[in-house]
Every structure is written in structure tokens, then in C-alpha cells.
file data.cif (mmCIF, C-alpha atoms)
data_input
loop_
_atom_site.label_atom_id
_atom_site.label_comp_id
_atom_site.auth_asym_id
_atom_site.auth_seq_id
_atom_site.Cartn_x
_atom_site.Cartn_y
_atom_site.Cartn_z
CA MET J 295 14.71 0.75 -53.54
CA ALA J 296 14.02 -1.10 -50.29
CA GLU J 297 10.43 -1.87 -49.34
CA SER J 298 8.93 0.36 -46.64
CA VAL J 299 8.59 -1.11 -43.17
CA ARG J 300 5.83 -0.60 -40.63
CA PHE J 301 7.34 -0.21 -37.18
CA GLY J 302 5.68 0.06 -33.79
CA TYR J 303 6.77 1.59 -30.52
CA ALA J 304 5.32 0.61 -27.13
CA ARG J 305 6.34 2.05 -23.77
CA VAL J 306 5.29 1.86 -20.14
CA SER J 307 6.77 3.99 -17.38
CA THR J 308 7.70 1.33 -14.82
CA ALA J 309 9.02 -2.21 -14.85
CA ASP J 310 5.91 -3.61 -13.16
CA GLN J 311 3.55 -2.29 -15.86
CA ASN J 312 2.49 -4.54 -18.73
CA LEU J 313 3.11 -3.83 -22.44
CA GLU J 314 0.72 -6.50 -23.70
CA ARG J 315 -2.24 -4.20 -24.43
CA GLN J 316 -0.07 -1.95 -26.57
CA LEU J 317 1.57 -4.89 -28.34
CA SER J 318 -1.83 -6.42 -29.18
CA ALA J 319 -3.12 -3.11 -30.57
CA LEU J 320 -0.02 -2.69 -32.75
CA GLU J 321 -0.19 -6.27 -34.01
CA SER J 322 -3.88 -5.82 -34.83
CA ARG J 323 -2.73 -3.01 -37.18
CA GLY J 324 -0.56 -5.50 -39.06
CA ILE J 325 2.76 -4.65 -37.44
CA GLU J 326 4.96 -7.69 -36.90
CA ARG J 327 6.14 -8.23 -33.34
CA SER J 328 9.74 -8.27 -34.58
CA ASN J 329 9.24 -4.67 -35.78
CA ILE J 330 7.85 -3.41 -32.45
CA PHE J 331 10.33 -1.65 -30.19
CA THR J 332 9.49 -1.73 -26.49
CA GLU J 333 10.77 -0.22 -23.30
CA LYS J 334 9.88 0.31 -19.68
CA LEU J 335 11.08 3.84 -19.02
CA SER J 336 9.50 7.19 -18.32
CA GLY J 337 8.51 9.12 -21.43
CA ALA J 338 10.04 12.20 -19.86
CA ARG J 339 13.51 10.65 -20.25
CA ARG J 340 15.35 11.91 -23.29
CA ASP J 341 17.66 8.91 -23.55
CA ARG J 342 15.51 5.90 -24.34
CA PRO J 343 17.56 3.09 -25.92
CA ALA J 344 14.70 1.33 -27.75
CA LEU J 345 13.39 4.60 -29.21
CA ASN J 346 16.92 5.59 -30.27
CA ASP J 347 17.37 2.18 -31.89
CA LEU J 348 14.06 2.55 -33.71
CA LEU J 349 14.92 6.04 -34.96
CA SER J 350 18.29 4.82 -36.25
CA ARG J 351 16.63 2.15 -38.41
CA LEU J 352 14.02 4.31 -40.10
CA ARG J 353 14.18 4.95 -43.86
CA ARG J 354 12.09 7.07 -46.23
CA GLY J 355 8.64 5.54 -46.70
CA ASP J 356 8.60 3.70 -43.34
CA SER J 357 5.98 4.38 -40.70
CA VAL J 358 5.93 4.34 -36.90
CA THR J 359 2.71 3.45 -35.08
CA VAL J 360 2.04 4.08 -31.39
CA LEU J 361 -1.03 3.35 -29.31
CA SER J 362 -1.14 6.96 -28.10
CA ILE J 363 1.12 9.98 -28.59
CA ASP J 364 1.95 10.06 -24.88
CA ARG J 365 3.74 6.72 -25.37
CA LEU J 366 6.20 8.49 -27.67
CA ALA J 367 6.93 11.57 -25.54
CA ARG J 368 5.66 13.41 -22.48
CA SER J 369 6.27 17.00 -23.57
CA THR J 370 5.20 18.97 -26.60
CA ARG J 371 8.79 19.98 -27.25
CA GLN J 372 10.08 16.41 -27.26
CA LEU J 373 7.15 15.19 -29.33
CA LEU J 374 7.64 17.91 -31.92
CA GLU J 375 11.38 17.12 -32.07
CA ILE J 376 10.60 13.46 -32.75
CA SER J 377 7.93 14.31 -35.33
CA GLU J 378 10.34 16.72 -37.10
CA THR J 379 12.98 13.97 -37.21
CA LEU J 380 10.42 11.59 -38.71
CA GLU J 381 9.25 14.18 -41.24
CA GLU J 382 12.84 14.97 -42.31
CA ARG J 383 13.40 11.26 -42.97
CA GLY J 384 10.13 10.87 -44.84
CA VAL J 385 8.63 8.63 -42.14
CA ASP J 386 4.93 8.75 -41.24
CA LEU J 387 3.70 8.73 -37.64
CA ILE J 388 0.43 7.03 -36.77
CA SER J 389 -1.29 7.22 -33.39
CA ILE J 390 -4.12 4.73 -32.89
CA HIS J 391 -6.03 6.42 -30.03
CA GLU J 392 -5.88 9.90 -31.48
CA ASN J 393 -6.54 8.60 -35.02
CA VAL J 394 -3.61 10.63 -36.36
CA ASP J 395 -1.71 9.87 -39.54
CA THR J 396 0.95 12.44 -40.43
CA SER J 397 0.98 11.36 -44.07
CA THR J 398 -1.91 13.82 -44.49
CA PRO J 399 -1.91 17.61 -43.90
CA THR J 400 -4.90 17.24 -41.56
CA GLY J 401 -3.08 14.50 -39.67
CA LYS J 402 -0.03 16.75 -39.22
CA LEU J 403 -2.16 19.61 -37.87
CA PHE J 404 -4.16 17.33 -35.58
CA PHE J 405 -0.94 15.74 -34.30
CA GLN J 406 0.49 19.12 -33.31
CA ILE J 407 -2.76 20.12 -31.59
CA MET J 408 -2.93 16.79 -29.71
CA SER J 409 0.67 17.10 -28.54
CA VAL J 410 -0.12 20.50 -26.99
CA ILE J 411 -3.21 19.04 -25.29
CA ALA J 412 -1.23 16.05 -23.96
CA GLU J 413 1.32 18.39 -22.37
CA PHE J 414 -1.49 20.51 -20.91
CA GLN J 415 -3.03 17.39 -19.32
CA ARG J 416 0.31 16.34 -17.86
CA ASN J 417 0.91 19.81 -16.41
CA SER J 418 -2.62 19.84 -14.95
CA ILE J 419 -1.96 16.51 -13.21
CA LYS J 420 1.34 17.80 -11.80
CA GLU J 421 -0.39 20.95 -10.54
CA ALA J 422 -3.16 18.89 -8.87
CA GLN J 423 -0.52 16.70 -7.20
CA ALA J 424 1.33 19.75 -5.92
CA GLU J 425 -1.92 21.17 -4.52
CA GLY J 426 -2.63 17.85 -2.79
CA ILE J 427 0.83 17.82 -1.24
CA ARG J 428 0.44 21.41 -0.02
CA ALA J 429 -2.98 20.59 1.47
CA ALA J 430 -1.56 17.52 3.24
CA LYS J 431 1.33 19.54 4.67
CA ASP J 432 -1.04 22.35 5.77
CA SER J 433 -3.18 19.82 7.61
CA GLY J 434 -0.10 18.49 9.43
CA ARG J 435 0.17 15.13 7.65
CA HIS J 436 3.67 13.75 7.25
CA LEU J 437 4.77 13.08 3.69
CA GLY J 438 7.64 10.90 2.61
CA ARG J 439 9.58 8.31 4.53
CA ARG J 440 8.34 7.73 8.05
CA PHE J 441 10.58 8.29 11.06
CA THR J 442 11.86 5.06 12.60
CA ASP J 443 12.63 5.02 16.30
CA PRO J 444 16.43 4.57 16.63
CA SER J 445 15.94 2.23 19.59
CA LYS J 446 14.04 -0.19 17.33
CA ILE J 447 16.94 -0.19 14.87
CA GLU J 448 19.44 -0.78 17.69
CA GLN J 449 17.26 -3.63 18.95
CA ALA J 450 17.21 -5.25 15.50
CA PHE J 451 21.00 -4.88 15.18
CA ALA J 452 21.55 -6.39 18.63
CA LEU J 453 19.30 -9.35 17.86
CA HIS J 454 21.11 -9.90 14.58
CA ASP J 455 24.55 -9.58 16.19
CA SER J 456 23.59 -12.34 18.63
CA GLY J 457 23.71 -14.72 15.67
CA ARG J 458 20.54 -16.50 16.74
CA PHE J 459 18.07 -14.83 14.36
CA THR J 460 17.74 -14.08 10.69
CA VAL J 461 17.36 -10.49 9.51
CA LYS J 462 13.70 -11.15 8.83
CA GLU J 463 13.13 -12.41 12.38
CA CYS J 464 15.09 -9.51 13.89
CA CYS J 465 13.04 -6.97 11.94
CA ARG J 466 9.75 -8.61 12.90
CA MET J 467 10.67 -8.64 16.59
CA ALA J 468 11.93 -5.03 16.55
CA GLY J 469 9.00 -3.77 14.48
CA ILE J 470 10.94 -2.37 11.53
CA SER J 471 11.06 -3.25 7.86
CA GLU J 472 13.89 -5.22 6.29
CA ALA J 473 14.50 -2.29 3.93
CA THR J 474 15.06 -0.02 6.93
CA PHE J 475 17.40 -2.57 8.51
CA TYR J 476 19.54 -2.89 5.37
CA ARG J 477 19.51 0.85 4.66
CA ARG J 478 20.62 1.72 8.22
CA HIS J 479 23.15 -1.13 8.19
CA GLN J 480 24.65 0.26 4.97
CA GLU J 481 24.69 3.80 6.40
CA ALA J 482 26.52 2.53 9.51
CA ARG J 483 29.13 0.77 7.35
CA GLU J 484 29.69 3.90 5.26
CA GLN J 485 30.34 5.97 8.39
CA VAL J 486 33.11 3.66 9.56
#
call {"tool": "encode", "arguments": {"input": "data.cif", "output": "C-alpha cells"}}
result
Amino acid sequence: MAESVRFGYARVSTADQNLERQLSALESRGIERSNIFTEKLSGARRDRPALNDLLSRLRRGDSVTVLSIDRLARSTRQLLEISETLEERGVDLISIHENVDTSTPTGKLFFQIMSVIAEFQRNSIKEAQAEGIRAAKDSGRHLGRRFTDPSKIEQAFALHDSGRFTVKECCRMAGISEATFYRRHQEAREQV
């Protein structure tokens, strides 16, 4: 019978976030870096290639360690689905922050309770954000992309069409961003 393997899973939601803190915590638990699967994707996404790869490699007796259960999934339903998959395969789940180890009955119960609490916290944050957006709208504040004066865009296009200035210079002189210039330029090309 093959020897059990200790795997780790680390995830951040965006490409500009850093995985190093999670990797260090997993390595401090004796998990080799080659056995740590990482990705920079939202936990709410169901299709996560690194997680899918990890799940496909697991065998009875292996374990998966995460820094926190919210790194594994962002909803109770998804978390319970993953934990059921692990349990069916005879794989233990360990969460460092929550001090959960599903190899014990108490760990299994605590894990299920923590997953419900994690979803509650996420829903509370979403509700607070929605309230903040409503309050901003009620007070007359504009949310989202700001309106750009069409004459400024026309000015930037005219300067650029003259062939004497770079896009950056045209945008600076017209008072618009380069992103706006390129977006409007693309929109104009698509309308032709």
C-alpha cells in the first residue's frame, strides 16, 4: 500500500495578492512545497483547476491542510461538498486557523459548525456592502464608472490623429485616462 501524503492548498482571490503567508504556514506544518497546490481565484468559483488537480490526486490516508476553511470554499454548501468528497476517499481535512482535524468526531462537528459561521460572515459582509451602496445612492453619490465628457474624448482622438503625439500625451492634454481612450477607440471600431 502506498504511503499517505500530506497535501496543502493555498488560495488568494486576486492576482495581486500574495500566497507567501499561507505557503509558510503550510510548510511549518511539515508539508513539502511540491505538495502544496496554489491558485489565485475567487473561492466562490466552482471550477478551480488547482483544487480539481489536488482532489484528483488524493488517496485513502492522505490529508489536506489549509490555513483557513475560507481558503477552500466560500459557501457552506461548497465546503460540505468538498468535505464529503474527502471523507468518501478517506482523506482528512486540517484547518490551521480553526484548529480543525476531521480525523476526529469532534473535528468533523467543529468543521461543519465553522463552515456555517464562515458563510454567515460572508453574507453579513455582502449585506453591509449593499447597505452602503444604497446609502450612497440615497445621498446622491455616483457609483461606478464616471461619466467622461465626449468632447474630451474627441479632443484626444483629434490630437492622436494628427500623428504628433503619443496616446499618453493625448490623454494627458485632453484630461482623460488611457483606459478610457482605448475603450472608446475600441467601441468606435466595433461600430464601423
call {"tool": "closest_residue", "arguments": {"input": "data.cif", "among": "J:Leu361, J:Ala296, J:Ala452, J:Cys465", "to": "His391 of chain J", "atoms": "only C-alpha atoms"}}
result
J:Leu361
call {"tool": "residues_near_point", "arguments": {"input": "data.cif", "point": "(24.6, 1.6, 14.3)", "cutoff": "7 Å", "atoms": "only C-alpha atoms", "output": "number ranges by chain"}}
result
J: 448, 479, 482
call {"tool": "axis_aligned_box", "arguments": {"input": "data.cif", "around": "segment 391-400 of chain J", "padding_each_side": "6 Å", "output": "JSON"}}
result
{"center_x": -2.8, "center_y": 12.0, "center_z": -37.3, "size_x": 19.5, "size_y": 23.2, "size_z": 26.5}
call {"tool": "residues_around", "arguments": {"input": "data.cif", "residues": "segment 406-412 of chain J", "least_positions_apart": "3", "cutoff": "7 Å", "atoms": "all atoms listed in the file", "output": "PyMOL selection string"}}
result
chain J and resi 364+370+373+402-403+415-416
call {"tool": "write_last_selection", "arguments": {"input": "data.cif", "atoms": "C-alpha atoms", "output": "PDB file, in the coordinates of the input"}}
result
ATOM      1  CA  ASP J 364       1.950  10.060 -24.880  1.00  0.00           C
ATOM      2  CA  THR J 370       5.200  18.970 -26.600  1.00  0.00           C
ATOM      3  CA  LEU J 373       7.150  15.190 -29.330  1.00  0.00           C
ATOM      4  CA  LYS J 402      -0.030  16.750 -39.220  1.00  0.00           C
ATOM      5  CA  LEU J 403      -2.160  19.610 -37.870  1.00  0.00           C
ATOM      6  CA  GLN J 415      -3.030  17.390 -19.320  1.00  0.00           C
ATOM      7  CA  ARG J 416       0.310  16.340 -17.860  1.00  0.00           C
TER       8      ARG J 416
END
call {"tool": "residues_around", "arguments": {"input": "data.cif", "residues": "Pro444 of chain J", "least_positions_apart": "3", "cutoff": "12 Å", "atoms": "only C-alpha atoms", "output": "PyMOL selection string"}}
result
chain J and resi 441+447-451+468-470+474-475+478
call {"tool": "closest_residue", "arguments": {"input": "data.cif", "among": "J:Lys446, J:Arg477, J:Arg300, J:His436", "to": "Glu326 of chain J", "atoms": "all atoms listed in the file"}}
result
J:Arg300
call {"tool": "atom_distance", "arguments": {"input": "data.cif", "atom1": "atom CA of Ile376 of chain J", "atom2": "atom CA of Ile363 of chain J"}}
result
10.9 Å
call {"tool": "closest_residue", "arguments": {"input": "data.cif", "among": "J:Arg365, J:Arg340, J:Arg327, J:Arg354", "to": "Arg305 of chain J", "atoms": "all atoms listed in the file"}}
result
J:Arg365
call {"tool": "resolve_selection", "arguments": {"input": "data.cif", "expression": "the PyMOL selection byres ((chain J and resi 346) around 12)", "output": "list in words"}}
result
Tyr303, Phe331, Thr332, Glu333, Arg339, Arg340, Asp341, Arg342, Pro343, Ala344, Leu345, Asp347, Leu348, Leu349, Ser350, Arg351, Leu352, Leu366, Ile376 and Thr379 of chain J
call {"tool": "atom_distance", "arguments": {"input": "data.cif", "atom1": "atom CA of Ala424 of chain J", "atom2": "atom CA of Arg439 of chain J"}}
result
17.6 Å
call {"tool": "atom_distance", "arguments": {"input": "data.cif", "atom1": "atom CA of Ile388 of chain J", "atom2": "atom CA of Ser357 of chain J"}}
result
7.3 Å
call {"tool": "closest_residue", "arguments": {"input": "data.cif", "among": "J:Glu297, J:Arg315, J:Lys334, J:Ser471", "to": "Arg440 of chain J", "atoms": "only C-alpha atoms"}}
result
J:Ser471
call {"tool": "closest_residue", "arguments": {"input": "data.cif", "among": "J:Cys464, J:Leu317, J:Ala338, J:Leu453", "to": "Arg368 of chain J", "atoms": "all atoms listed in the file"}}
result
J:Ala338
call {"tool": "closest_residue", "arguments": {"input": "data.cif", "among": "J:Val299, J:Arg458, J:Gln423, J:Thr359", "to": "Gln316 of chain J", "atoms": "all atoms listed in the file"}}
result
J:Thr359
call {"tool": "build_atoms", "arguments": {"input": "data.cif", "residues": "segment 308-326 of chain J", "atoms": "N, CA and C atoms", "output": "PDB file, in the coordinates of the input"}}
result
ATOM      1  N   THR J 308       7.017   2.080 -15.875  1.00  0.00           N
ATOM      2  CA  THR J 308       7.700   1.330 -14.820  1.00  0.00           C
ATOM      3  C   THR J 308       7.804  -0.140 -15.176  1.00  0.00           C
ATOM      4  N   ALA J 309       8.759  -0.803 -14.555  1.00  0.00           N
ATOM      5  CA  ALA J 309       9.020  -2.210 -14.850  1.00  0.00           C
ATOM      6  C   ALA J 309       7.852  -3.123 -14.505  1.00  0.00           C
ATOM      7  N   ASP J 310       7.007  -2.731 -13.546  1.00  0.00           N
ATOM      8  CA  ASP J 310       5.910  -3.610 -13.160  1.00  0.00           C
ATOM      9  C   ASP J 310       4.651  -3.408 -14.017  1.00  0.00           C
ATOM     10  N   GLN J 311       4.686  -2.462 -14.953  1.00  0.00           N
ATOM     11  CA  GLN J 311       3.550  -2.290 -15.860  1.00  0.00           C
ATOM     12  C   GLN J 311       3.679  -3.247 -17.032  1.00  0.00           C
ATOM     13  N   ASN J 312       2.542  -3.533 -17.677  1.00  0.00           N
ATOM     14  CA  ASN J 312       2.490  -4.540 -18.730  1.00  0.00           C
ATOM     15  C   ASN J 312       2.357  -3.878 -20.108  1.00  0.00           C
ATOM     16  N   LEU J 313       3.139  -4.346 -21.067  1.00  0.00           N
ATOM     17  CA  LEU J 313       3.110  -3.830 -22.440  1.00  0.00           C
ATOM     18  C   LEU J 313       2.108  -4.544 -23.330  1.00  0.00           C
ATOM     19  N   GLU J 314       1.509  -5.619 -22.839  1.00  0.00           N
ATOM     20  CA  GLU J 314       0.720  -6.500 -23.700  1.00  0.00           C
ATOM     21  C   GLU J 314      -0.424  -5.799 -24.441  1.00  0.00           C
ATOM     22  N   ARG J 315      -1.124  -4.899 -23.779  1.00  0.00           N
ATOM     23  CA  ARG J 315      -2.240  -4.200 -24.430  1.00  0.00           C
ATOM     24  C   ARG J 315      -1.756  -3.406 -25.640  1.00  0.00           C
ATOM     25  N   GLN J 316      -0.630  -2.715 -25.467  1.00  0.00           N
ATOM     26  CA  GLN J 316      -0.070  -1.950 -26.570  1.00  0.00           C
ATOM     27  C   GLN J 316       0.400  -2.866 -27.696  1.00  0.00           C
ATOM     28  N   LEU J 317       1.070  -3.961 -27.334  1.00  0.00           N
ATOM     29  CA  LEU J 317       1.570  -4.890 -28.340  1.00  0.00           C
ATOM     30  C   LEU J 317       0.410  -5.487 -29.156  1.00  0.00           C
ATOM     31  N   SER J 318      -0.663  -5.858 -28.483  1.00  0.00           N
ATOM     32  CA  SER J 318      -1.830  -6.420 -29.180  1.00  0.00           C
ATOM     33  C   SER J 318      -2.433  -5.409 -30.145  1.00  0.00           C
ATOM     34  N   ALA J 319      -2.542  -4.154 -29.702  1.00  0.00           N
ATOM     35  CA  ALA J 319      -3.120  -3.110 -30.570  1.00  0.00           C
ATOM     36  C   ALA J 319      -2.244  -2.890 -31.802  1.00  0.00           C
ATOM     37  N   LEU J 320      -0.928  -2.884 -31.616  1.00  0.00           N
ATOM     38  CA  LEU J 320      -0.020  -2.690 -32.750  1.00  0.00           C
ATOM     39  C   LEU J 320      -0.071  -3.871 -33.704  1.00  0.00           C
ATOM     40  N   GLU J 321      -0.101  -5.079 -33.151  1.00  0.00           N
ATOM     41  CA  GLU J 321      -0.190  -6.270 -34.010  1.00  0.00           C
ATOM     42  C   GLU J 321      -1.507  -6.311 -34.764  1.00  0.00           C
ATOM     43  N   SER J 322      -2.574  -5.830 -34.139  1.00  0.00           N
ATOM     44  CA  SER J 322      -3.880  -5.820 -34.830  1.00  0.00           C
ATOM     45  C   SER J 322      -3.865  -4.858 -36.020  1.00  0.00           C
ATOM     46  N   ARG J 323      -2.901  -3.939 -36.050  1.00  0.00           N
ATOM     47  CA  ARG J 323      -2.730  -3.010 -37.180  1.00  0.00           C
ATOM     48  C   ARG J 323      -1.777  -3.573 -38.225  1.00  0.00           C
ATOM     49  N   GLY J 324      -1.400  -4.839 -38.069  1.00  0.00           N
ATOM     50  CA  GLY J 324      -0.560  -5.500 -39.060  1.00  0.00           C
ATOM     51  C   GLY J 324       0.932  -5.296 -38.874  1.00  0.00           C
ATOM     52  N   ILE J 325       1.337  -4.855 -37.705  1.00  0.00           N
ATOM     53  CA  ILE J 325       2.760  -4.650 -37.440  1.00  0.00           C
ATOM     54  C   ILE J 325       3.312  -5.924 -36.804  1.00  0.00           C
ATOM     55  N   GLU J 326       4.358  -6.456 -37.411  1.00  0.00           N
ATOM     56  CA  GLU J 326       4.960  -7.690 -36.900  1.00  0.00           C
ATOM     57  C   GLU J 326       5.647  -7.426 -35.565  1.00  0.00           C
TER      58      GLU J 326
END
